[in-house]
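This report refers to the structure that appears directly beneath it.
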Amino acid sequence: MDFNEGVFLYINKPYGMSSFGALAHIRFLVSRKLHVKRVKMGHAGTLDPLATGVLILCTGKATKQIESLQYASKEYTATLQLGATTASYDREHTVNMTYPTRHITRELIESVLSRFIGEIQQVPPEYSACSIGGDRAYKLARKGEKVELKPKTLRIDELELTAFDPQTMQMSIRVVCGKGTYIRALARDIGQALGSGAFLTALCRTRLGKVSIDDCLTFDEFPKWLDENVGDAVRKSK
């Protein structure tokens with residue numbers, strides 16, 4: 001296993017950590033194992049800190065394939081809370097508005113979801129890494145500055161309602177989509193289309209390209225995997 005020539009590492013990113021934070025942790029473990037200062041490593045496709053799931057890390061020469069991996073199809077599972085919104089469209093911020101939900105039924109939800117399948121226009125979240133005049137949108141938003149983002153064309157191939165609880169007004173969906181899709185923004189738009197509001201309470205990327213979450217290692221599993229796949233080679237080279 002040659003990390004300079006290029007290795008693909010499949011990690012199940014933990015909740016509450018940025019994609020870069022996950023990369024930094026794995027890079028530290030690999031660099032320490034190889035007794036080098038810093039292994040070249042990048043990630044394909046950013047996940048929000050409050051999201052979990054498939055994060056592909058590329059090392060060495062494999063980092064050249066990051067851009068092509070980012071264009072691969074992605075699958076997510078998400079849970080939405082209906083009847084309320086937050087500034088970030090997820091649980092990073094507290095509820096800022098509440099809306100009526102009595103009119104919402106499973107039939108209405110399924111009818112609304114069908115509108116979002118295919119090529120759609122989506123305005124990215126204000127709290128996102130989109131660039132505005134050289135600054136990240138989320139940095140401007142956190143300073144209280146007004147953030148205006150233009151809609152982008154993107155593609156949603158599949159959008160399925162997997163659960164709906166009329167008592168709690170929570171719904172779960174499975175989404176298959178292309179590059180550039182913000183599931184938080186999709187939750188916002190679904191809430192508006194339902195004549196209410198919505199924000200994400202859970203998000204997991206279950207597939208990126210051909211890599212499934214079942215192929216991924218957790219942080220707890222990675223050190224053992226590293227020992228089994230790299231340990232002997234390092235000891236023999238001494």
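By convention here, the chains of the structure tokens are called A, B, ... in the order presented, each chain's residues are numbered starting at 1, and ligands are numbered starting at 1 in the order presented.
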Give me the residues within 10 Å of segment 150-162 of chain A as a PyMOL selection string, counting only C-alpha atoms and dropping any in the same chain fewer than 2 places off. chain A and resi 73-79+106+109-110+113-124+148+164+171-182
Using only C-alpha atoms, which protein or nucleic acid residues come within 12 Å of Cys58 of chain A? Drop anything in the same chain fewer than 4 positions from it, and give the result as a PDB file with N, CA and C atoms, in the first residue's frame.
ATOM      1  N   ASP A   2       0.882   1.963  -1.109  1.00  0.00           N
ATOM      2  CA  ASP A   2       1.766   3.118  -1.284  1.00  0.00           C
ATOM      3  C   ASP A   2       0.937   4.400  -1.216  1.00  0.00           C
ATOM      4  N   PHE A   3       1.054   5.114  -0.119  1.00  0.00           N
ATOM      5  CA  PHE A   3       0.262   6.323   0.079  1.00  0.00           C
ATOM      6  C   PHE A   3       0.715   7.477  -0.809  1.00  0.00           C
ATOM      7  N   ASN A   4       1.955   7.425  -1.279  1.00  0.00           N
ATOM      8  CA  ASN A   4       2.425   8.457  -2.204  1.00  0.00           C
ATOM      9  C   ASN A   4       1.878   8.227  -3.609  1.00  0.00           C
ATOM     10  N   GLU A   5       1.849   6.979  -4.029  1.00  0.00           N
ATOM     11  CA  GLU A   5       1.275   6.650  -5.331  1.00  0.00           C
ATOM     12  C   GLU A   5      -0.226   6.886  -5.341  1.00  0.00           C
ATOM     13  N   GLY A   6      -0.856   6.696  -4.200  1.00  0.00           N
ATOM     14  CA  GLY A   6      -2.286   6.988  -4.088  1.00  0.00           C
ATOM     15  C   GLY A   6      -3.102   5.879  -3.478  1.00  0.00           C
ATOM     16  N   VAL A   7      -3.815   6.208  -2.425  1.00  0.00           N
ATOM     17  CA  VAL A   7      -4.716   5.276  -1.737  1.00  0.00           C
ATOM     18  C   VAL A   7      -6.046   5.985  -1.519  1.00  0.00           C
ATOM     19  N   PHE A   8      -7.144   5.253  -1.676  1.00  0.00           N
ATOM     20  CA  PHE A   8      -8.474   5.778  -1.384  1.00  0.00           C
ATOM     21  C   PHE A   8      -8.927   5.223  -0.036  1.00  0.00           C
ATOM     22  N   LEU A   9      -9.277   6.110   0.879  1.00  0.00           N
ATOM     23  CA  LEU A   9      -9.741   5.720   2.204  1.00  0.00           C
ATOM     24  C   LEU A   9     -11.210   6.106   2.320  1.00  0.00           C
ATOM     25  N   TYR A  10     -12.036   5.142   2.747  1.00  0.00           N
ATOM     26  CA  TYR A  10     -13.473   5.372   2.867  1.00  0.00           C
ATOM     27  C   TYR A  10     -13.826   5.495   4.349  1.00  0.00           C
ATOM     28  N   ILE A  11     -14.243   6.695   4.748  1.00  0.00           N
ATOM     29  CA  ILE A  11     -14.501   6.994   6.150  1.00  0.00           C
ATOM     30  C   ILE A  11     -15.971   7.366   6.359  1.00  0.00           C
ATOM     31  N   LEU A  23     -10.574  14.702   7.890  1.00  0.00           N
ATOM     32  CA  LEU A  23      -9.372  14.472   7.093  1.00  0.00           C
ATOM     33  C   LEU A  23      -8.119  14.665   7.955  1.00  0.00           C
ATOM     34  N   ILE A  26      -7.503  11.638  10.279  1.00  0.00           N
ATOM     35  CA  ILE A  26      -7.010  10.455   9.569  1.00  0.00           C
ATOM     36  C   ILE A  26      -5.594  10.694   9.045  1.00  0.00           C
ATOM     37  N   ARG A  27      -5.326  11.885   8.558  1.00  0.00           N
ATOM     38  CA  ARG A  27      -3.986  12.204   8.051  1.00  0.00           C
ATOM     39  C   ARG A  27      -2.952  12.117   9.173  1.00  0.00           C
ATOM     40  N   VAL A  39       1.361  13.332   5.290  1.00  0.00           N
ATOM     41  CA  VAL A  39       0.962  12.655   4.055  1.00  0.00           C
ATOM     42  C   VAL A  39       0.042  13.577   3.263  1.00  0.00           C
ATOM     43  N   LYS A  40       0.277  13.678   1.954  1.00  0.00           N
ATOM     44  CA  LYS A  40      -0.613  14.470   1.107  1.00  0.00           C
ATOM     45  C   LYS A  40      -1.977  13.805   1.051  1.00  0.00           C
ATOM     46  N   MET A  41      -3.020  14.572   1.375  1.00  0.00           N
ATOM     47  CA  MET A  41      -4.365  13.973   1.440  1.00  0.00           C
ATOM     48  C   MET A  41      -5.423  15.031   1.181  1.00  0.00           C
ATOM     49  N   GLY A  42      -6.473  14.659   0.451  1.00  0.00           N
ATOM     50  CA  GLY A  42      -7.607  15.539   0.216  1.00  0.00           C
ATOM     51  C   GLY A  42      -8.897  14.747   0.297  1.00  0.00           C
ATOM     52  N   HIS A  43     -10.030  15.438   0.324  1.00  0.00           N
ATOM     53  CA  HIS A  43     -11.311  14.731   0.386  1.00  0.00           C
ATOM     54  C   HIS A  43     -12.190  15.094  -0.800  1.00  0.00           C
ATOM     55  N   ALA A  44     -13.052  14.181  -1.176  1.00  0.00           N
ATOM     56  CA  ALA A  44     -13.946  14.355  -2.323  1.00  0.00           C
ATOM     57  C   ALA A  44     -15.370  14.587  -1.835  1.00  0.00           C
ATOM     58  N   GLY A  45     -15.831  15.819  -1.889  1.00  0.00           N
ATOM     59  CA  GLY A  45     -17.216  16.097  -1.529  1.00  0.00           C
ATOM     60  C   GLY A  45     -17.389  16.427  -0.060  1.00  0.00           C
ATOM     61  N   ALA A  62      -3.439  10.105  -5.972  1.00  0.00           N
ATOM     62  CA  ALA A  62      -4.886   9.888  -6.103  1.00  0.00           C
ATOM     63  C   ALA A  62      -5.679  11.171  -5.887  1.00  0.00           C
ATOM     64  N   THR A  63      -5.049  12.206  -5.302  1.00  0.00           N
ATOM     65  CA  THR A  63      -5.752  13.470  -5.109  1.00  0.00           C
ATOM     66  C   THR A  63      -6.129  14.110  -6.446  1.00  0.00           C
ATOM     67  N   LYS A  64      -5.466  13.686  -7.525  1.00  0.00           N
ATOM     68  CA  LYS A  64      -5.801  14.213  -8.852  1.00  0.00           C
ATOM     69  C   LYS A  64      -7.200  13.772  -9.298  1.00  0.00           C
ATOM     70  N   GLN A  65      -7.741  12.749  -8.645  1.00  0.00           N
ATOM     71  CA  GLN A  65      -9.053  12.230  -9.026  1.00  0.00           C
ATOM     72  C   GLN A  65     -10.193  12.820  -8.198  1.00  0.00           C
ATOM     73  N   ILE A  66      -9.858  13.737  -7.300  1.00  0.00           N
ATOM     74  CA  ILE A  66     -10.878  14.316  -6.426  1.00  0.00           C
ATOM     75  C   ILE A  66     -11.990  14.986  -7.228  1.00  0.00           C
ATOM     76  N   GLU A  67     -11.635  15.780  -8.226  1.00  0.00           N
ATOM     77  CA  GLU A  67     -12.646  16.511  -8.994  1.00  0.00           C
ATOM     78  C   GLU A  67     -13.620  15.565  -9.688  1.00  0.00           C
ATOM     79  N   SER A  68     -13.112  14.487 -10.286  1.00  0.00           N
ATOM     80  CA  SER A  68     -13.997  13.537 -10.967  1.00  0.00           C
ATOM     81  C   SER A  68     -14.900  12.828  -9.976  1.00  0.00           C
ATOM     82  N   LEU A  69     -14.391  12.537  -8.777  1.00  0.00           N
ATOM     83  CA  LEU A  69     -15.211  11.879  -7.752  1.00  0.00           C
ATOM     84  C   LEU A  69     -16.341  12.791  -7.289  1.00  0.00           C
ATOM     85  N   GLN A  70     -16.090  14.088  -7.259  1.00  0.00           N
ATOM     86  CA  GLN A  70     -17.115  15.028  -6.804  1.00  0.00           C
ATOM     87  C   GLN A  70     -18.302  15.093  -7.762  1.00  0.00           C
TER      88      GLN A  70
END
DSSP on the backbone, strand (DSSP E) only: what residues of segment 17-128 of chain A does that give? Format it as a ChimeraX atom specification. /A:41-44,52-59,74-82,84-86,95-98,118-122
How about saving the chosen residues, N, CA and C atoms kept, as a tab-separated table (two decimals), in the first residue's frame?
chain	number	residue	atom	x	y	z
A	41	MET	N	-3.02	14.57	1.37
A	41	MET	CA	-4.36	13.97	1.44
A	41	MET	C	-5.42	15.03	1.18
A	42	GLY	N	-6.47	14.66	0.45
A	42	GLY	CA	-7.61	15.54	0.22
A	42	GLY	C	-8.90	14.75	0.30
A	43	HIS	N	-10.03	15.44	0.32
A	43	HIS	CA	-11.31	14.73	0.39
A	43	HIS	C	-12.19	15.09	-0.80
A	44	ALA	N	-13.05	14.18	-1.18
A	44	ALA	CA	-13.95	14.35	-2.32
A	44	ALA	C	-15.37	14.59	-1.84
A	52	THR	N	-23.42	12.95	8.69
A	52	THR	CA	-22.54	11.79	8.82
A	52	THR	C	-22.47	11.10	7.46
A	53	GLY	N	-21.63	10.06	7.38
A	53	GLY	CA	-21.67	9.23	6.19
A	53	GLY	C	-20.41	9.24	5.37
A	54	VAL	N	-20.54	8.83	4.11
A	54	VAL	CA	-19.42	8.53	3.22
A	54	VAL	C	-18.56	9.75	2.94
A	55	LEU	N	-17.30	9.66	3.33
A	55	LEU	CA	-16.30	10.67	3.01
A	55	LEU	C	-15.11	9.94	2.41
A	56	ILE	N	-14.83	10.23	1.14
A	56	ILE	CA	-13.71	9.59	0.45
A	56	ILE	C	-12.47	10.46	0.59
A	57	LEU	N	-11.41	9.89	1.18
A	57	LEU	CA	-10.13	10.57	1.31
A	57	LEU	C	-9.16	10.00	0.29
A	58	CYS	N	-8.43	10.86	-0.39
A	58	CYS	CA	-7.47	10.44	-1.41
A	58	CYS	C	-6.08	10.89	-0.99
A	59	THR	N	-5.11	10.00	-1.14
A	59	THR	CA	-3.74	10.35	-0.77
A	59	THR	C	-2.85	10.42	-2.00
A	74	LYS	N	-24.69	10.88	-5.79
A	74	LYS	CA	-24.67	10.76	-4.33
A	74	LYS	C	-26.06	10.35	-3.83
A	75	GLU	N	-26.06	9.60	-2.75
A	75	GLU	CA	-27.32	9.21	-2.11
A	75	GLU	C	-27.30	9.65	-0.64
A	76	TYR	N	-28.41	10.20	-0.19
A	76	TYR	CA	-28.54	10.66	1.19
A	76	TYR	C	-29.82	10.13	1.81
A	77	THR	N	-29.80	9.98	3.12
A	77	THR	CA	-31.03	9.82	3.89
A	77	THR	C	-31.11	11.02	4.83
A	78	ALA	N	-32.32	11.56	4.98
A	78	ALA	CA	-32.47	12.76	5.79
A	78	ALA	C	-33.79	12.73	6.54
A	79	THR	N	-33.80	13.38	7.71
A	79	THR	CA	-35.02	13.55	8.49
A	79	THR	C	-35.31	15.04	8.60
A	80	LEU	N	-36.55	15.40	8.30
A	80	LEU	CA	-36.97	16.81	8.32
A	80	LEU	C	-38.00	17.02	9.42
A	81	GLN	N	-37.86	18.13	10.13
A	81	GLN	CA	-38.88	18.58	11.06
A	81	GLN	C	-39.73	19.62	10.34
A	82	LEU	N	-41.01	19.32	10.20
A	82	LEU	CA	-41.92	20.24	9.53
A	82	LEU	C	-42.50	21.24	10.53
A	84	ALA	N	-41.39	24.39	11.14
A	84	ALA	CA	-40.45	25.36	11.72
A	84	ALA	C	-39.25	25.51	10.80
A	85	THR	N	-38.52	26.61	10.99
A	85	THR	CA	-37.31	26.85	10.22
A	85	THR	C	-36.19	27.31	11.15
A	86	THR	N	-34.95	27.19	10.65
A	86	THR	CA	-33.79	27.77	11.32
A	86	THR	C	-32.98	28.51	10.27
A	95	VAL	N	-34.63	27.38	16.30
A	95	VAL	CA	-35.82	27.71	15.51
A	95	VAL	C	-36.06	29.22	15.52
A	96	ASN	N	-36.27	29.79	14.33
A	96	ASN	CA	-36.51	31.23	14.23
A	96	ASN	C	-37.94	31.56	13.80
A	97	MET	N	-38.65	30.57	13.24
A	97	MET	CA	-40.04	30.78	12.84
A	97	MET	C	-40.80	29.46	12.94
A	98	THR	N	-42.09	29.54	13.26
A	98	THR	CA	-42.94	28.35	13.25
A	98	THR	C	-44.11	28.58	12.29
A	118	GLY	N	-35.74	15.59	-11.08
A	118	GLY	CA	-35.28	16.07	-12.38
A	118	GLY	C	-34.36	17.26	-12.21
A	119	GLU	N	-34.28	18.11	-13.23
A	119	GLU	CA	-33.43	19.30	-13.19
A	119	GLU	C	-34.19	20.42	-12.50
A	120	ILE	N	-33.60	20.97	-11.45
A	120	ILE	CA	-34.27	22.02	-10.68
A	120	ILE	C	-33.32	23.18	-10.44
A	121	GLN	N	-33.89	24.30	-10.00
A	121	GLN	CA	-33.11	25.45	-9.57
A	121	GLN	C	-33.10	25.49	-8.05
A	122	GLN	N	-31.92	25.71	-7.48
A	122	GLN	CA	-31.82	25.73	-6.02
A	122	GLN	C	-30.90	26.87	-5.58
Would you list, as a PyMOL selection string, the residues of segment 3-225 of chain A that end up in helix (DSSP H, G or I) under DSSP run on this structure's backbone? chain A and resi 19-34+60-70+106-116+137-142+183-193+213-215+222-225
Considering only C-alpha atoms, return as a ChimeraX atom specification whatever protein or nucleic-acid residues lie within 10 Å of Glu92 of chain A, sequence-local ones (same chain, fewer than 5 positions apart) excluded. /A:16,49-50,86-87,127,200-201
Could you turn the residues from that selection into a file that holds all heavy atoms, as a PDB file, in the first residue's frame?
ATOM      1  N   GLY A  16     -20.932  16.148  13.983  1.00  0.00           N
ATOM      2  CA  GLY A  16     -20.361  17.274  14.703  1.00  0.00           C
ATOM      3  C   GLY A  16     -18.958  17.663  14.286  1.00  0.00           C
ATOM      4  O   GLY A  16     -18.360  18.559  14.891  1.00  0.00           O
ATOM      5  N   PRO A  49     -20.895  19.715   9.034  1.00  0.00           N
ATOM      6  CA  PRO A  49     -20.512  19.165  10.340  1.00  0.00           C
ATOM      7  C   PRO A  49     -21.598  18.315  10.998  1.00  0.00           C
ATOM      8  O   PRO A  49     -21.285  17.316  11.658  1.00  0.00           O
ATOM      9  CB  PRO A  49     -20.229  20.429  11.170  1.00  0.00           C
ATOM     10  CG  PRO A  49     -19.757  21.418  10.160  1.00  0.00           C
ATOM     11  CD  PRO A  49     -20.608  21.163   8.937  1.00  0.00           C
ATOM     12  N   LEU A  50     -22.864  18.676  10.802  1.00  0.00           N
ATOM     13  CA  LEU A  50     -23.944  17.924  11.439  1.00  0.00           C
ATOM     14  C   LEU A  50     -24.410  16.736  10.602  1.00  0.00           C
ATOM     15  O   LEU A  50     -25.387  16.080  10.960  1.00  0.00           O
ATOM     16  CB  LEU A  50     -25.129  18.848  11.734  1.00  0.00           C
ATOM     17  CG  LEU A  50     -24.828  20.055  12.635  1.00  0.00           C
ATOM     18  CD1 LEU A  50     -26.117  20.750  13.041  1.00  0.00           C
ATOM     19  CD2 LEU A  50     -24.051  19.639  13.880  1.00  0.00           C
ATOM     20  N   THR A  86     -34.953  27.187  10.649  1.00  0.00           N
ATOM     21  CA  THR A  86     -33.793  27.768  11.324  1.00  0.00           C
ATOM     22  C   THR A  86     -32.976  28.512  10.274  1.00  0.00           C
ATOM     23  O   THR A  86     -33.131  28.276   9.074  1.00  0.00           O
ATOM     24  CB  THR A  86     -32.901  26.695  11.987  1.00  0.00           C
ATOM     25  OG1 THR A  86     -32.193  25.967  10.973  1.00  0.00           O
ATOM     26  CG2 THR A  86     -33.732  25.721  12.823  1.00  0.00           C
ATOM     27  N   ALA A  87     -32.080  29.381  10.713  1.00  0.00           N
ATOM     28  CA  ALA A  87     -31.297  30.191   9.781  1.00  0.00           C
ATOM     29  C   ALA A  87     -30.402  29.351   8.893  1.00  0.00           C
ATOM     30  O   ALA A  87     -30.133  29.709   7.735  1.00  0.00           O
ATOM     31  CB  ALA A  87     -30.458  31.203  10.561  1.00  0.00           C
ATOM     32  N   TYR A 127     -25.620  29.880   5.012  1.00  0.00           N
ATOM     33  CA  TYR A 127     -24.543  29.263   5.786  1.00  0.00           C
ATOM     34  C   TYR A 127     -23.967  28.108   4.965  1.00  0.00           C
ATOM     35  O   TYR A 127     -24.249  26.942   5.202  1.00  0.00           O
ATOM     36  CB  TYR A 127     -25.054  28.774   7.143  1.00  0.00           C
ATOM     37  CG  TYR A 127     -25.367  29.912   8.094  1.00  0.00           C
ATOM     38  CD1 TYR A 127     -26.620  30.517   8.083  1.00  0.00           C
ATOM     39  CD2 TYR A 127     -24.407  30.396   8.968  1.00  0.00           C
ATOM     40  CE1 TYR A 127     -26.913  31.574   8.940  1.00  0.00           C
ATOM     41  CE2 TYR A 127     -24.686  31.448   9.832  1.00  0.00           C
ATOM     42  CZ  TYR A 127     -25.940  32.035   9.810  1.00  0.00           C
ATOM     43  OH  TYR A 127     -26.227  33.090  10.662  1.00  0.00           O
ATOM     44  N   LEU A 200     -33.579  20.361   8.657  1.00  0.00           N
ATOM     45  CA  LEU A 200     -33.012  19.031   8.843  1.00  0.00           C
ATOM     46  C   LEU A 200     -32.723  18.752  10.312  1.00  0.00           C
ATOM     47  O   LEU A 200     -32.165  19.593  11.017  1.00  0.00           O
ATOM     48  CB  LEU A 200     -31.697  18.893   8.074  1.00  0.00           C
ATOM     49  CG  LEU A 200     -31.724  18.772   6.556  1.00  0.00           C
ATOM     50  CD1 LEU A 200     -30.313  18.523   6.044  1.00  0.00           C
ATOM     51  CD2 LEU A 200     -32.654  17.655   6.104  1.00  0.00           C
ATOM     52  N   THR A 201     -33.081  17.554  10.746  1.00  0.00           N
ATOM     53  CA  THR A 201     -32.675  17.104  12.077  1.00  0.00           C
ATOM     54  C   THR A 201     -31.651  15.979  11.988  1.00  0.00           C
ATOM     55  O   THR A 201     -30.980  15.674  12.973  1.00  0.00           O
ATOM     56  CB  THR A 201     -33.881  16.610  12.902  1.00  0.00           C
ATOM     57  OG1 THR A 201     -34.505  15.512  12.215  1.00  0.00           O
ATOM     58  CG2 THR A 201     -34.901  17.725  13.081  1.00  0.00           C
TER      59      THR A 201
END
Go through A:Arg102, A:Ser88, A:Asn12, A:Lys61 and flag the residue nearest Arg207 of chain A, using only C-alpha atoms for the distances. A:Asn12
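Nearest-residue note for Leu34 of chain A: choosing from A:Pro14, A:Asp189, A:Arg91, A:Met1, the minimum distance belongs to A:Met1, counting only C-alpha atoms.
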